[in-house]
$ cat final_24.tsv   # TSV, C-alpha atoms and all ligand atoms
chain	number	residue	atom	x	y	z
A	284	MET	CA	0.00	0.00	0.00
A	285	HIS	CA	2.60	2.57	-0.95
A	286	GLU	CA	-0.20	4.33	-2.77
A	287	LEU	CA	-0.82	6.28	0.46
A	288	SER	CA	2.66	7.77	0.42
A	289	LEU	CA	2.43	8.40	-3.33
A	290	VAL	CA	-0.81	10.32	-2.85
A	291	GLU	CA	0.77	12.34	-0.07
A	292	ALA	CA	3.70	13.21	-2.34
A	293	ILE	CA	1.36	14.28	-5.14
A	294	ALA	CA	-0.85	16.31	-2.79
A	295	ARG	CA	2.07	18.19	-1.23
A	296	ARG	CA	3.60	18.99	-4.61
A	297	ILE	CA	0.33	20.38	-5.94
A	298	GLU	CA	-0.42	22.30	-2.74
A	299	ALA	CA	3.01	23.96	-2.91
A	300	ASP	CA	2.44	24.94	-6.53
A	301	VAL	CA	-1.05	26.26	-5.78
A	302	ALA	CA	0.31	28.41	-2.95
A	303	GLU	CA	3.11	29.74	-5.15
A	304	ARG	CA	0.66	30.82	-7.84
A	305	GLY	CA	-1.81	32.23	-5.33
A	306	LEU	CA	-4.62	29.96	-6.51
A	307	GLN	CA	-7.56	28.94	-4.33
A	308	ARG	CA	-9.01	25.59	-5.17
A	309	VAL	CA	-8.00	22.60	-7.27
A	310	GLN	CA	-10.69	20.82	-9.24
A	311	ARG	CA	-8.74	18.11	-11.00
A	312	VAL	CA	-5.26	16.58	-10.90
A	313	ARG	CA	-4.00	14.65	-13.91
A	314	LEU	CA	-1.60	11.75	-13.52
A	315	ALA	CA	0.05	9.42	-16.07
A	316	VAL	CA	0.35	5.88	-14.75
A	317	GLY	CA	2.30	3.28	-16.69
A	318	PRO	CA	1.17	-0.37	-16.49
A	319	LEU	CA	4.66	-1.28	-15.25
A	320	SER	CA	4.87	1.44	-12.59
A	321	GLY	CA	3.85	-1.00	-9.89
A	322	VAL	CA	0.97	1.24	-8.89
A	323	LEU	CA	-2.51	-0.15	-8.44
A	324	PRO	CA	-4.95	2.41	-9.86
A	325	HIS	CA	-7.76	1.29	-7.54
A	326	ALA	CA	-5.61	1.73	-4.46
A	327	LEU	CA	-4.38	5.10	-5.71
A	328	ASP	CA	-7.94	6.23	-6.32
A	329	PHE	CA	-9.01	5.16	-2.87
A	330	ALA	CA	-6.07	6.84	-1.14
A	331	TRP	CA	-6.75	10.01	-3.09
A	332	ARG	CA	-10.41	10.12	-2.06
A	333	VAL	CA	-9.39	9.85	1.58
A	334	ARG	CA	-6.85	12.66	1.14
A	335	ALA	CA	-9.37	14.86	-0.70
A	336	GLU	CA	-11.67	14.76	2.32
A	337	GLN	CA	-9.20	16.92	4.21
A	338	PRO	CA	-9.87	20.67	4.17
A	339	GLY	CA	-7.57	22.81	2.02
A	340	PRO	CA	-7.07	23.61	-1.66
A	341	LEU	CA	-7.37	19.94	-2.62
A	342	ALA	CA	-10.70	19.37	-0.83
A	343	ARG	CA	-13.01	17.38	-3.12
A	344	ALA	CA	-10.53	17.54	-6.00
A	345	GLN	CA	-10.67	14.70	-8.53
A	346	LEU	CA	-7.76	12.52	-9.53
A	347	CYS	CA	-7.71	11.58	-13.22
A	348	LEU	CA	-5.47	8.66	-14.10
A	349	GLU	CA	-4.33	8.53	-17.69
A	350	PRO	CA	-3.09	5.06	-18.58
A	351	THR	CA	-0.10	4.97	-20.90
A	352	PRO	CA	1.00	2.11	-23.17
A	353	VAL	CA	4.10	0.01	-22.72
A	354	ARG	CA	6.61	0.73	-25.45
A	355	ALA	CA	9.96	-0.85	-26.21
A	356	ARG	CA	12.67	-0.31	-28.81
A	357	CYS	CA	14.79	-2.99	-30.44
A	358	LEU	CA	18.46	-2.39	-29.68
A	359	GLU	CA	19.41	-4.15	-32.90
A	360	CYS	CA	17.14	-2.67	-35.59
A	361	GLY	CA	15.48	0.22	-33.77
A	362	ALA	CA	11.90	-1.00	-34.39
A	363	GLN	CA	9.36	0.07	-31.77
A	364	ARG	CA	6.81	-2.25	-30.29
A	365	THR	CA	3.77	-1.16	-28.30
A	366	TRP	CA	1.57	-3.05	-25.88
A	367	GLU	CA	-1.72	-1.27	-25.34
A	368	GLY	CA	-3.60	-1.56	-22.07
A	369	GLY	CA	-6.64	-3.76	-21.64
A	370	ALA	CA	-6.97	-7.50	-21.71
A	371	ARG	CA	-3.49	-8.33	-22.97
A	372	LEU	CA	-1.74	-6.21	-20.41
A	373	ASP	CA	-3.67	-6.25	-17.21
A	374	PHE	CA	-3.46	-2.66	-16.04
A	375	ASP	CA	-5.10	-3.22	-12.66
A	376	GLN	CA	-2.88	-6.11	-11.71
A	377	ALA	CA	0.27	-4.43	-13.00
A	378	ARG	CA	0.88	-7.69	-14.83
A	379	ALA	CA	2.53	-8.08	-18.15
A	380	PRO	CA	1.87	-11.61	-19.36
A	381	ASP	CA	2.56	-10.55	-22.92
A	382	LEU	CA	5.69	-8.57	-22.44
A	383	ASP	CA	8.61	-9.92	-24.44
A	384	LEU	CA	11.78	-7.85	-24.48
A	385	ASP	CA	13.90	-10.75	-25.72
A	386	HIS	CA	12.59	-11.10	-29.28
A	387	CYS	CA	12.06	-8.41	-31.87
A	388	PRO	CA	9.11	-9.25	-34.13
A	389	ARG	CA	10.75	-7.31	-36.99
A	390	CYS	CA	14.36	-8.50	-37.11
A	391	GLY	CA	14.15	-11.60	-34.94
A	392	GLY	CA	17.01	-10.23	-32.84
A	393	GLY	CA	16.95	-8.23	-29.67
A	394	PRO	CA	16.91	-7.44	-26.86
A	395	LEU	CA	14.41	-4.61	-26.65
A	396	GLU	CA	14.70	-1.70	-24.27
A	397	LEU	CA	11.68	-0.29	-22.45
A	398	VAL	CA	11.05	3.32	-23.41
A	399	ALA	CA	7.64	3.79	-21.76
A	400	GLY	CA	5.32	2.05	-19.35
A	401	GLN	CA	7.11	2.46	-16.01
A	402	GLU	CA	6.27	6.11	-15.51
A	403	LEU	CA	4.33	7.70	-12.70
A	404	LEU	CA	4.04	11.34	-13.63
A	405	ILE	CA	2.11	14.35	-12.49
A	406	LEU	CA	0.85	15.94	-15.73
A	407	GLY	CA	-0.87	19.03	-14.38
A	408	TYR	CA	-3.95	20.27	-12.64
A	409	GLU	CA	-6.99	22.47	-13.05
A	410	ALA	CA	-7.58	25.18	-10.49
A	411	ILE	CA	-9.32	28.47	-9.80
B	79	MET	CA	-7.37	27.36	-15.36
B	80	GLU	CA	-5.23	24.44	-16.60
B	81	ILE	CA	-1.78	24.38	-15.04
B	82	PRO	CA	0.80	22.10	-16.66
B	83	LEU	CA	3.16	20.64	-14.09
B	84	VAL	CA	4.94	17.68	-15.58
B	85	GLU	CA	7.16	15.88	-13.11
B	86	PRO	CA	7.72	12.42	-11.66
B	87	VAL	CA	5.73	11.78	-8.50
B	88	LEU	CA	8.85	10.35	-6.89
B	89	LYS	CA	11.09	13.21	-8.01
B	90	SER	CA	12.14	14.16	-4.48
B	91	ASN	CA	12.95	10.53	-3.66
B	92	ASP	CA	14.98	10.25	-6.86
B	93	ARG	CA	16.91	13.38	-5.95
B	94	LEU	CA	17.76	12.06	-2.49
B	95	ALA	CA	18.71	8.70	-3.99
B	96	ALA	CA	21.15	10.43	-6.33
B	97	LEU	CA	22.74	12.14	-3.31
B	98	ASN	CA	23.04	8.80	-1.49
B	99	ARG	CA	24.60	7.24	-4.58
B	100	GLN	CA	27.14	10.01	-4.93
B	101	ARG	CA	28.09	9.78	-1.28
B	102	LEU	CA	28.39	5.99	-1.30
B	103	ARG	CA	30.47	5.94	-4.47
B	104	GLN	CA	32.78	8.63	-3.15
B	105	ALA	CA	33.39	6.46	-0.10
B	106	GLY	CA	34.19	3.57	-2.46
B	107	LEU	CA	31.23	1.48	-1.35
B	108	PHE	CA	29.32	-1.03	-3.40
B	109	THR	CA	25.64	-0.98	-2.40
B	110	ILE	CA	23.05	-3.70	-2.91
B	111	ASN	CA	19.30	-3.37	-2.43
B	112	LEU	CA	17.73	-6.75	-1.58
B	113	ILE	CA	14.05	-7.07	-2.48
B	114	SER	CA	11.79	-10.06	-1.91
B	115	SER	CA	8.43	-11.15	-0.60
B	116	PRO	CA	8.32	-11.80	3.16
B	117	GLY	CA	10.34	-14.80	4.22
B	118	ALA	CA	12.05	-15.52	0.90
B	119	GLY	CA	15.38	-15.71	2.71
B	120	LYS	CA	17.06	-12.28	2.56
B	121	THR	CA	18.44	-12.29	6.11
B	122	THR	CA	19.59	-15.91	5.85
B	123	LEU	CA	21.36	-15.12	2.57
B	124	LEU	CA	23.15	-12.22	4.28
B	125	GLU	CA	24.12	-14.38	7.26
B	126	LYS	CA	25.86	-16.72	4.80
B	127	THR	CA	27.19	-14.17	2.31
B	128	ILE	CA	28.86	-11.69	4.65
B	129	PRO	CA	31.28	-14.19	6.27
B	130	LEU	CA	32.25	-15.52	2.82
B	131	LEU	CA	33.02	-11.97	1.67
B	132	ARG	CA	34.93	-11.37	4.88
B	133	GLY	CA	37.10	-14.34	3.93
B	134	LEU	CA	38.05	-12.33	0.84
B	135	GLY	CA	38.87	-9.30	2.98
B	136	ARG	CA	35.64	-7.44	2.15
B	137	ARG	CA	33.96	-5.55	4.95
B	138	SER	CA	30.15	-5.34	4.95
B	139	ALA	CA	27.52	-3.37	6.82
B	140	VAL	CA	23.76	-3.85	6.69
B	141	LEU	CA	20.80	-1.49	6.74
B	142	GLU	CA	17.87	-3.53	8.01
B	143	GLY	CA	14.47	-2.36	6.82
B	144	ASP	CA	11.77	-3.76	9.03
B	145	LEU	CA	8.18	-2.80	9.78
B	146	PHE	CA	8.47	-2.72	13.59
B	147	THR	CA	10.89	-5.26	15.04
B	148	THR	CA	14.67	-5.55	15.48
B	149	LEU	CA	14.76	-9.33	14.97
B	150	ASP	CA	16.64	-9.31	11.67
B	151	ALA	CA	19.11	-6.69	12.91
B	152	GLU	CA	19.88	-8.92	15.90
B	153	ARG	CA	20.56	-11.86	13.57
B	154	ILE	CA	22.99	-9.76	11.53
B	155	GLU	CA	24.70	-8.47	14.68
B	156	ARG	CA	25.50	-12.04	15.63
B	157	THR	CA	27.71	-12.23	12.53
B	158	GLU	CA	29.71	-9.31	13.99
B	159	THR	CA	28.67	-6.97	11.24
B	160	PRO	CA	27.75	-3.30	11.71
B	161	VAL	CA	24.00	-2.97	11.29
B	162	VAL	CA	21.60	-0.04	11.33
B	163	GLN	CA	17.98	-0.77	12.00
B	164	ILE	CA	15.45	1.23	9.97
B	165	ASN	CA	11.95	0.84	11.32
B	166	THR	CA	9.43	2.03	8.76
B	167	ARG	CA	6.63	2.01	11.38
B	168	GLY	CA	4.36	0.02	9.16
B	169	GLY	CA	5.57	1.61	5.91
B	170	CYS	CA	5.79	-1.03	3.20
B	171	HIS	CA	9.14	0.01	1.69
B	172	LEU	CA	12.36	1.89	2.35
B	173	ASP	CA	12.89	5.24	0.70
B	174	ALA	CA	15.97	7.30	-0.05
B	175	ALA	CA	15.41	9.66	2.90
B	176	LEU	CA	15.36	6.79	5.41
B	177	VAL	CA	18.51	5.33	3.88
B	178	GLY	CA	20.23	8.74	3.90
B	179	GLU	CA	19.56	9.14	7.63
B	180	ALA	CA	20.81	5.64	8.36
B	181	LEU	CA	24.09	6.34	6.53
B	182	GLU	CA	24.93	8.92	9.21
B	183	LYS	CA	25.33	6.08	11.68
B	184	LEU	CA	28.02	4.21	9.72
B	185	ASP	CA	31.70	4.77	9.13
B	186	LEU	CA	31.47	4.50	5.35
B	187	ARG	CA	35.22	4.65	4.78
B	188	ALA	CA	35.70	1.43	6.75
B	189	LEU	CA	33.42	-0.56	4.44
B	190	ASP	CA	33.39	-2.25	1.04
B	191	TYR	CA	29.87	-3.62	0.72
B	192	LEU	CA	26.70	-1.96	1.97
B	193	TRP	CA	23.70	-4.27	2.07
B	194	ILE	CA	20.19	-2.87	2.26
B	195	GLU	CA	17.59	-5.44	3.28
B	196	ASN	CA	14.35	-3.90	2.10
B	197	VAL	CA	11.00	-4.56	3.78
B	198	GLY	CA	9.65	-7.96	2.74
B	199	ASN	CA	7.35	-6.94	-0.14
B	200	LEU	CA	7.66	-7.65	-3.85
B	201	VAL	CA	5.49	-4.72	-4.97
B	202	CYS	CA	6.13	-1.42	-3.22
B	203	PRO	CA	9.96	-1.27	-2.99
B	204	ALA	CA	10.24	-1.57	-6.78
B	205	GLY	CA	9.49	2.12	-7.39
B	206	TYR	CA	11.92	3.56	-4.86
B	207	ASP	CA	15.51	4.20	-5.84
B	208	LEU	CA	17.66	4.16	-2.70
B	209	GLY	CA	20.99	5.04	-4.29
B	210	GLU	CA	22.13	1.44	-4.71
B	211	ASP	CA	24.50	0.08	-7.36
B	212	LEU	CA	22.70	-3.20	-7.70
B	213	THR	CA	19.15	-4.38	-7.08
B	214	VAL	CA	18.79	-8.07	-6.36
B	215	VAL	CA	15.47	-9.90	-6.08
B	216	VAL	CA	15.57	-12.89	-3.75
B	217	LEU	CA	13.04	-15.45	-4.92
B	218	SER	CA	12.57	-18.73	-3.06
B	219	THR	CA	11.60	-21.95	-4.81
B	220	PRO	CA	8.28	-22.40	-2.93
B	221	GLU	CA	7.00	-19.08	-4.31
B	222	GLY	CA	6.62	-20.52	-7.82
B	223	ASP	CA	7.95	-19.65	-11.26
B	224	ASP	CA	5.11	-17.28	-12.15
B	225	LYS	CA	6.23	-14.49	-9.82
B	226	PRO	CA	8.13	-12.45	-12.45
B	227	ALA	CA	4.98	-12.34	-14.60
B	228	LYS	CA	2.86	-11.24	-11.63
B	229	TYR	CA	5.26	-8.81	-9.96
B	230	THR	CA	6.99	-7.48	-13.04
B	231	PRO	CA	8.24	-4.07	-11.80
B	232	ALA	CA	10.60	-5.60	-9.21
B	233	PHE	CA	12.13	-7.85	-11.88
B	234	LEU	CA	12.45	-4.94	-14.30
B	235	ARG	CA	14.37	-2.98	-11.71
B	236	ALA	CA	16.71	-5.82	-10.72
B	237	GLU	CA	20.08	-6.77	-12.19
B	238	ALA	CA	20.02	-10.24	-10.65
B	239	VAL	CA	17.66	-12.79	-9.16
B	240	VAL	CA	18.94	-15.10	-6.45
B	241	LEU	CA	16.79	-18.23	-6.47
B	242	THR	CA	16.98	-19.49	-2.88
B	243	LYS	CA	15.91	-22.59	-0.97
B	244	LEU	CA	17.17	-24.93	-3.67
B	245	ASP	CA	16.90	-27.74	-1.11
B	246	LEU	CA	13.12	-27.38	-1.40
B	247	LEU	CA	13.09	-27.42	-5.21
B	248	SER	CA	11.76	-30.95	-5.63
B	249	LEU	CA	8.95	-30.31	-3.14
B	250	SER	CA	8.02	-26.93	-4.53
B	251	GLY	CA	6.97	-27.62	-8.10
B	252	MET	CA	9.04	-24.67	-9.26
B	253	ASP	CA	10.16	-25.17	-12.87
B	254	VAL	CA	13.55	-23.47	-13.14
B	255	ASN	CA	13.54	-23.56	-16.95
B	256	ARG	CA	10.17	-21.88	-17.09
B	257	LEU	CA	11.39	-19.29	-14.62
B	258	ARG	CA	14.45	-18.66	-16.76
B	259	GLN	CA	12.28	-18.19	-19.86
B	260	THR	CA	9.93	-15.77	-18.13
B	261	LEU	CA	12.84	-13.75	-16.80
B	262	ARG	CA	14.37	-13.54	-20.28
B	263	ARG	CA	11.14	-12.13	-21.72
B	264	ILE	CA	10.86	-9.51	-19.01
B	265	ASN	CA	14.49	-8.55	-18.51
B	266	PRO	CA	16.90	-10.22	-20.95
B	267	GLN	CA	19.99	-8.91	-19.13
B	268	LEU	CA	18.98	-10.34	-15.76
B	269	GLU	CA	21.34	-12.80	-14.09
B	270	LEU	CA	19.73	-15.87	-12.44
B	271	ILE	CA	21.77	-17.33	-9.57
B	272	PRO	CA	20.37	-20.44	-7.87
B	273	VAL	CA	21.61	-20.98	-4.30
B	274	CYS	CA	20.78	-22.80	-1.12
B	275	ALA	CA	21.70	-20.72	1.89
B	276	ARG	CA	21.07	-23.72	4.11
B	277	THR	CA	23.58	-26.09	2.46
B	278	GLY	CA	25.84	-23.52	0.82
B	279	GLU	CA	25.13	-24.87	-2.68
B	280	GLY	CA	25.70	-22.24	-5.37
B	281	MET	CA	27.18	-19.71	-2.96
B	282	ASP	CA	30.50	-19.72	-4.83
B	283	ARG	CA	28.83	-18.48	-8.00
B	284	TRP	CA	26.92	-15.80	-6.05
B	285	ILE	CA	30.14	-14.55	-4.45
B	286	ALA	CA	31.94	-14.57	-7.82
B	287	TYR	CA	29.09	-12.55	-9.35
B	288	LEU	CA	29.23	-10.01	-6.50
B	289	GLU	CA	32.98	-9.59	-6.76
B	290	GLN	CA	32.79	-9.12	-10.51
B	291	GLN	CA	30.08	-6.44	-10.12
B	292	PHE	CA	31.96	-4.86	-7.23
B	293	GLN	CA	35.05	-4.44	-9.35
B	294	GLN	CA	33.10	-3.15	-12.33
B	295	ARG	CA	31.11	-0.58	-10.40
B	296	THR	CA	33.35	0.88	-7.72
B	297	ALA	CA	34.82	3.93	-9.39
B	298	ILE	CA	38.18	3.64	-7.69
B	299	ASP	CA	39.10	-0.01	-7.75
B	300	LYS	CA	40.31	-0.43	-4.20
B	301	PRO	CA	42.76	-3.29	-3.64
B	302	ILE	CA	41.55	-6.00	-1.29
B	303	PRO	CA	42.57	-4.85	2.21
B	304	GLN	CA	45.16	-7.11	3.82
B	305	THR	CA	44.20	-8.71	7.13
B	306	HIS	CA	46.98	-9.62	9.58
B	307	HIS	CA	46.47	-13.37	9.70
B	308	ARG	CA	46.92	-13.51	5.98
B	309	GLY	CA	50.53	-12.50	6.40
B	310	ALA	CA	52.19	-10.09	4.05
A	501	LIG	N1	14.98	-24.87	3.53
A	501	LIG	C1	15.52	-23.67	3.49
A	501	LIG	N2	15.04	-22.70	4.28
A	501	LIG	C2	15.59	-21.47	4.22
A	501	LIG	C3	16.65	-21.17	3.33
A	501	LIG	N3	16.95	-19.85	3.47
A	501	LIG	C4	16.12	-19.37	4.42
A	501	LIG	N4	15.30	-20.34	4.89
A	501	LIG	C5	14.26	-20.22	5.93
A	501	LIG	O1	13.23	-19.37	5.48
A	501	LIG	C6	12.69	-18.62	6.56
A	501	LIG	C7	12.73	-17.14	6.26
A	501	LIG	O2	14.07	-16.74	6.07
A	501	LIG	P1	14.56	-15.25	6.33
A	501	LIG	O3	16.01	-15.22	5.98
A	501	LIG	O4	14.16	-14.77	7.66
A	501	LIG	O5	13.73	-14.49	5.22
A	501	LIG	P2	13.59	-12.91	4.97
A	501	LIG	O6	13.43	-12.71	3.49
A	501	LIG	O7	14.73	-12.20	5.60
A	501	LIG	O8	12.24	-12.59	5.72
A	501	LIG	P3	11.61	-11.12	6.06
A	501	LIG	O9	12.75	-10.21	6.41
A	501	LIG	O10	10.70	-11.40	7.20
A	501	LIG	O11	10.89	-10.69	4.82
A	501	LIG	C8	13.53	-18.98	7.78
A	501	LIG	O12	12.85	-19.96	8.53
A	501	LIG	C9	14.80	-19.56	7.18
A	501	LIG	O13	15.44	-20.48	8.01
A	501	LIG	C10	17.14	-22.23	2.51
A	501	LIG	O14	18.05	-22.07	1.67
A	501	LIG	N5	16.53	-23.44	2.62
A	502	MG	MG	14.70	-10.56	6.89
A	503	ZN	ZN	14.78	-5.62	-34.17
$ encode --input "final_24.tsv" --output "structure tokens" --more "lines below"
Ligand SMILES: Nc1nc2c(ncn2[C@@H]2O[C@H](COP(=O)(O)OP(=O)(O)OP(=O)(O)O)[C@@H](O)[C@H]2O)c(=O)[nH]1
Ligand SMILES: [Mg+2]
Ligand SMILES: [Zn+2]
Amino acid sequence: MHELSLVEAIARRIEADVAERGLQRVQRVRLAVGPLSGVLPHALDFAWRVRAEQPGPLARAQLCLEPTPVRARCLECGAQRTWEGGARLDFDQARAPDLDLDHCPRCGGGPLELVAGQELLILGYEAI
Amino acid sequence: MEIPLVEPVLKSNDRLAALNRQRLRQAGLFTINLISSPGAGKTTLLEKTIPLLRGLGRRSAVLEGDLFTTLDAERIERTETPVVQINTRGGCHLDAALVGEALEKLDLRALDYLWIENVGNLVCPAGYDLGEDLTVVVLSTPEGDDKPAKYTPAFLRAEAVVLTKLDLLSLSGMDVNRLRQTLRRINPQLELIPVCARTGEGMDRWIAYLEQQFQQRTAIDKPIPQTHHRGA
């Protein structure tokens, strides 16, 4: 359950930025969550809702999670391969049953290097 | 009003980890972050590894991440190794700030290897850089060969997997070849090192791997310190 400490880190960062800009209230926070970030979206959601019950600029603010695909690049031929979310790559379980960084479907060589899918990024927020 | 603010959630942890790394490298230390599910055998592996390294003249210290107790730290102390207990008070992982504080309690210059035993948990520690040179997942045979597919981030982060409790292999149903294949798909560069801490099987290969990594990674390649009983 490190989602609690992640939410706290996000909340503090946004609160600091809000104070710096002299804003009042945050409506929405946008977050990019890669399927290989190790974060469980449900747990993050839940932790956020608990945090957003506290008074302050983040009170009742929404957290919007934007799933990102997993992407890898062949170190031999440079071809990119993408695994979209959904059934083949179980986003909620942070599982990757399909991931194969050992074989390049284009050149048959490899290995491939992950270029996306592990990120956990604040993207921005909406405030008044 | 839409405010763009693009930055990693763990940016402040990453920054502190970079400071730890710089400090540890400057002191000539080689640092290993041990990750596993609870009870895989991290402490037992350390109890066996540290004396073997000592035989080669390498001095170790251990940072013990634990939820509440000092049990593991006491086990390490019995091997006459400096140990710093880090209680996370229920926190499910170590972070770079906790490790940075713990470093204050060690004489870094008197050490070669720094071991960090993370909190037993195969999920949460994976996202937190501590400033280590090497991340090692300890996986025990009874856990099954599907763990890399289920807990992928830890295996993505790691440079090596130590497969422990080899003595239980025949009872466990673990298929080592299937494990090897899964690991190759997820992290082709990963080293798989099967050992049995109980019988000592495979420990020679583990030590050889560590020494090779140690020599590759420590910026200034320190000569092995001479102990008196070794003679000149
Ligand atoms: N059969 C067998 N048992 C082992 C081996 N290594 C460790 N064990 C046992 O496994 C249990 C857990 O080992 P620990 O070393 O405490 O595991 P740990 O990963 O440090 O556990 P936590 O710190 O609580 O997460 C103990 O009862 C050990 O004696 C081994 O190679 N073979
Ligand atoms: Mg332990
Ligand atoms: Zn290719």
$ residues_near_ligand --input "final_24.tsv" --ligand "ligand LIG 501 (chain A)" --cutoff "8 Å" --atoms "all atoms listed in the file" --output "NGL selection string"
:B and (114-124 or 144 or 150 or 195-199 or 216 or 218 or 242-246 or 273-278)
$ interface_residues --input "final_24.tsv" --of "chain B" --to "chain A" --cutoff "7 Å" --atoms "all atoms listed in the file" --output "PyMOL selection string"
chain B and resi 79-87+170+201-202+205+227-231+262-266
$ residues_near_ligand --input "final_24.tsv" --ligand "ligand ZN 503 (chain A)" --cutoff "9 Å" --atoms "all atoms listed in the file" --output "PyMOL selection string"
chain A and resi 356-363+386-395
$ write_last_selection --input "final_24.tsv" --atoms "C-alpha atoms" --output "tab-separated table (two decimals), in the coordinates of the input"
chain	number	residue	atom	x	y	z
A	356	ARG	CA	12.67	-0.31	-28.81
A	357	CYS	CA	14.79	-2.99	-30.44
A	358	LEU	CA	18.46	-2.39	-29.68
A	359	GLU	CA	19.41	-4.15	-32.90
A	360	CYS	CA	17.14	-2.67	-35.59
A	361	GLY	CA	15.48	0.22	-33.77
A	362	ALA	CA	11.90	-1.00	-34.39
A	363	GLN	CA	9.36	0.07	-31.77
A	386	HIS	CA	12.59	-11.10	-29.28
A	387	CYS	CA	12.06	-8.41	-31.87
A	388	PRO	CA	9.11	-9.25	-34.13
A	389	ARG	CA	10.75	-7.31	-36.99
A	390	CYS	CA	14.36	-8.50	-37.11
A	391	GLY	CA	14.15	-11.60	-34.94
A	392	GLY	CA	17.01	-10.23	-32.84
A	393	GLY	CA	16.95	-8.23	-29.67
A	394	PRO	CA	16.91	-7.44	-26.86
A	395	LEU	CA	14.41	-4.61	-26.65
$ closest_residue --input "final_24.tsv" --among "B:Leu102, B:Ile110, B:Leu134, B:Ile154" --to "ligand MG 502 (chain A)" --atoms "all atoms listed in the file"
B:Ile154
$ closest_residue --input "final_24.tsv" --among "B:Leu268, B:Glu289, B:Glu221, B:Leu112" --to "Ala204 of chain B" --atoms "only C-alpha atoms"
B:Leu112
$ residues_around --input "final_24.tsv" --residues "segment 136-138 of chain B" --least-positions-apart "4" --cutoff "8 Å" --atoms "only C-alpha atoms" --output "number ranges by chain"
B: 128, 131-132, 159-160, 188-193, 302-303
$ write_last_selection --input "final_24.tsv" --atoms "C-alpha atoms" --output "tab-separated table (two decimals), in the coordinates of the input"
chain	number	residue	atom	x	y	z
B	128	ILE	CA	28.86	-11.69	4.65
B	131	LEU	CA	33.02	-11.97	1.67
B	132	ARG	CA	34.93	-11.37	4.88
B	159	THR	CA	28.67	-6.97	11.24
B	160	PRO	CA	27.75	-3.30	11.71
B	188	ALA	CA	35.70	1.43	6.75
B	189	LEU	CA	33.42	-0.56	4.44
B	190	ASP	CA	33.39	-2.25	1.04
B	191	TYR	CA	29.87	-3.62	0.72
B	192	LEU	CA	26.70	-1.96	1.97
B	193	TRP	CA	23.70	-4.27	2.07
B	302	ILE	CA	41.55	-6.00	-1.29
B	303	PRO	CA	42.57	-4.85	2.21
$ residues_around --input "final_24.tsv" --residues "Thr351 of chain A" --least-positions-apart "2" --cutoff "9 Å" --atoms "only C-alpha atoms" --output "list of chain:residue names"
A:Ala315, A:Val316, A:Gly317, A:Pro318, A:Glu349, A:Val353, A:Glu367, A:Gly368, A:Ala399, A:Gly400, A:Glu402
$ residues_near_point --input "final_24.tsv" --point "(8.7, 4.2, 10.6)" --cutoff "12 Å" --atoms "all atoms listed in the file" --output "list in words"
Gly143, Asp144, Leu145, Phe146, Thr147, Gln163, Ile164, Asn165, Thr166, Arg167, Gly168, Gly169, Cys170, His171, Leu172, Asp173, Ala175, Leu176, Val177 and Val197 of chain B
$ axis_aligned_box --input "final_24.tsv" --around "segment 219-228 of chain B" --padding-each-side "6 Å" --output "AutoDock Vina command-line options"
--center_x 7.2 --center_y -16.8 --center_z -8.8 --size_x 20.7 --size_y 23.2 --size_z 23.7
$ residues_around --input "final_24.tsv" --residues "segment 206-210 of chain B" --least-positions-apart "5" --cutoff "6 Å" --atoms "only C-alpha atoms" --output "PyMOL selection string"
chain B and resi 95-96+98-99+109-110+173-174
$ atom_distance --input "final_24.tsv" --atom1 "atom CA of Glu269 of chain B" --atom2 "atom CA of Val140 of chain B"
22.8 Å
$ closest_residue --input "final_24.tsv" --among "B:Leu94, B:Leu130, B:Ala151, B:Leu249" --to "ligand MG 502 (chain A)" --atoms "all atoms listed in the file"
B:Ala151
$ atom_distance --input "final_24.tsv" --atom1 "atom CA of Leu212 of chain B" --atom2 "atom CA of Pro352 of chain A"
27.2 Å
$ closest_residue --input "final_24.tsv" --among "B:Asn91, B:Gly133, B:Glu125, B:Leu261" --to "Glu155 of chain B" --atoms "only C-alpha atoms"
B:Glu125
$ closest_residue --input "final_24.tsv" --among "B:Phe292, B:Arg153, B:Arg256, B:Gln100" --to "ligand MG 502 (chain A)" --atoms "all atoms listed in the file"
B:Arg153
